[in-house]
Amino acid sequence: MDLSESMEMDNGTTSENLKHVQITFFSKDEDLPEIPDAVFDVPTVAECDDLNLLLNKTIQATDDAWKERKFEFLVGETFLRTSLAEFIEEYEVETETILKVECVIGIEAPKPLHDIQAPDWVSSVQVANGHIFSTTYGGDIVIVDRKGKETKLSVNSANRILKCSGIVRTTKKSQLEGTEFIVGGENQLLTLYEIEKGALVEKIVFRGHERAVECVSVNSDATRAISGSVDTNLKVWNLDPSDEATNYEKEEEESSAKKKRKKDTRTKVPMVTIGGHRDKVSSVVWCPWKSGHAFSCSWDHTVVQWDLELAGEVSRIKGPKSFTSIDIHPTSNLLISSCTDAIPRLYDPKNRDGAMVKQSFIGHQNGWVESVKWNPVDQNQFVSVSTDKTAKMWDVRSSKSSLFDIHGHEDRILCAAWNEGLIATGSADCSIKIFETS
């Protein structure tokens, strides 16, 4: 029984009443067996489930060991989410020739795990070592484990607004003891904390920015951090415990507030200060293929690659709007970005035409995208979060339709993280939502 016969039985129609289109399947996935190069005459009322049935039976006919799997289907740069007839009409697909349909192994939708209430708007979120680390605009540091249990060593500093965070180092799996992370905010400082004996201990204070710290990123060996600020500058910091060259010698007339700090808290100044942006620096990431290089984006509509050792610019991407965030995938080296509009954009910064937009992703409505993050274990997937209160999970092979829409927040989503099979989002509704991905 072919697909037409099966659908005739399901719908009570005859083949004469069904319009057809000729399709052929193909895949770029090396883990899949070879798909027979056959042309199928398919009713246009067919949907994804029908194509899944057809494809699985086709593979089983040549591979006895094949076990049925769920596929997603790409036509051009768009996932099939409706019947073929509706898709063909919406995207004005030419049907005079054979329609080539790419097969992609299907994945499950992100599963809601936890809804964590925060004391204030959530400004940053990180996932590391089985825990979710977050900061708020009220100065809170909130830490929860994978089970959603809040750690009681969370703290609040009423005289500061925290805006960014980064994981410095972790220790044994799922244990907090010895974990180090860095936060920055409105008070122009960054602070490195270590978890010791179940308490948050302030270890290093980094001073040098002249306005609020907007972003921070730590390199892979945890020896350097780079930060960006409303003062338009980037600063590079030495995190090496043995470093003394960048220690700040306190002056005798230091304020009483600083005197109250524990004696074992060090204050450090930057190794390097880099100017080159004309507006606030909104995001920074380390370059995965070139040691000593980093990328920053700014509200001046640019993304810049920097040689930090020479304190000089390597390349510059000019965007259509103010950039709100960037992220670079560790294996593909592609750069995903968000701006003060509804469209995440993909760039290839290693290519000599890297300043050209490689792909634009259409789907968010009414607002702008605040943050984008890659799935570190899949170079095709990223998540975007927006002021439209939604998060979207994307596959770079489909620019006109997201893989999944993630709902639940009641106000603007301000930040996101994707690591260890978890997506975490933080919002102006004072909540952190955690989703599990397959």
# chains A, B, ... in the order shown; residues from 1 in each chain; ligands from 1

call {"tool": "select_by_dssp", "arguments": {"residues": "stretch 105-335 of chain A", "states": "alpha helix (DSSP H)", "output": "PyMOL selection string"}}
result
chain A and resi 256-259

call {"tool": "residues_around", "arguments": {"residues": "A:Ile423", "least_positions_apart": "2", "cutoff": "12 Å", "atoms": "only C-alpha atoms", "output": "MDAnalysis selection string"}}
result
chainID A and resid 109:114 125:128 131:132 146 372:376 381:385 391:393 406 415:421 425:426 432:438

call {"tool": "residues_around", "arguments": {"residues": "stretch 175-178 of chain A", "least_positions_apart": "6", "cutoff": "10 Å", "atoms": "only C-alpha atoms", "output": "count of residues only"}}
result
16

call {"tool": "residues_around", "arguments": {"residues": "A:His301", "least_positions_apart": "4", "cutoff": "10 Å", "atoms": "only C-alpha atoms", "output": "ChimeraX atom specification"}}
result
/A:277-279,297,317-324,339-340

call {"tool": "residues_around", "arguments": {"residues": "A:Ile23", "least_positions_apart": "5", "cutoff": "7 Å", "atoms": "only C-alpha atoms", "output": "PyMOL selection string"}}
result
chain A and resi 39-41+98-101

call {"tool": "write_last_selection", "arguments": {"atoms": "C-alpha atoms", "output": "mmCIF file, in the first residue's frame"}}
result
data_model
loop_
_atom_site.group_PDB
_atom_site.id
_atom_site.type_symbol
_atom_site.label_atom_id
_atom_site.label_comp_id
_atom_site.auth_asym_id
_atom_site.auth_seq_id
_atom_site.Cartn_x
_atom_site.Cartn_y
_atom_site.Cartn_z
ATOM 1 C CA VAL A 39 10.753 9.788 -6.672
ATOM 2 C CA PHE A 40 7.444 9.555 -4.811
ATOM 3 C CA ASP A 41 4.060 10.757 -6.027
ATOM 4 C CA ILE A 98 10.515 17.370 -8.335
ATOM 5 C CA LEU A 99 10.428 18.773 -4.796
ATOM 6 C CA LYS A 100 13.627 17.965 -2.884
ATOM 7 C CA VAL A 101 12.912 17.328 0.806
#

call {"tool": "select_by_dssp", "arguments": {"residues": "stretch 103-297 of chain A", "states": "strand (DSSP E or B)", "output": "ChimeraX atom specification"}}
result
/A:103-105,111-117,122-128,131-136,140-145,150,155-156,162-169,180-185,189-196,199-207,213-218,224-229,234-238,247,266-268,272-274,281-286,293-297

call {"tool": "atom_distance", "arguments": {"atom1": "atom CA of A:Asp429", "atom2": "atom CA of A:Asp411"}}
result
5.0 Å

call {"tool": "closest_residue", "arguments": {"among": "A:Asp221, A:Glu244, A:Glu90, A:Glu102", "to": "A:Leu74", "atoms": "only C-alpha atoms"}}
result
A:Glu102

call {"tool": "residues_around", "arguments": {"residues": "A:Leu53", "least_positions_apart": "3", "cutoff": "10 Å", "atoms": "only C-alpha atoms", "output": "number ranges by chain"}}
result
A: 3, 48-50, 56-58, 68-71

call {"tool": "closest_residue", "arguments": {"among": "A:Asp243, A:Asp264, A:Glu86, A:Glu214", "to": "A:Glu202", "atoms": "only C-alpha atoms"}}
result
A:Asp264

call {"tool": "closest_residue", "arguments": {"among": "A:Ser165, A:Asn247, A:Ser371, A:Ser398", "to": "A:Glu180", "atoms": "only C-alpha atoms"}}
result
A:Ser165
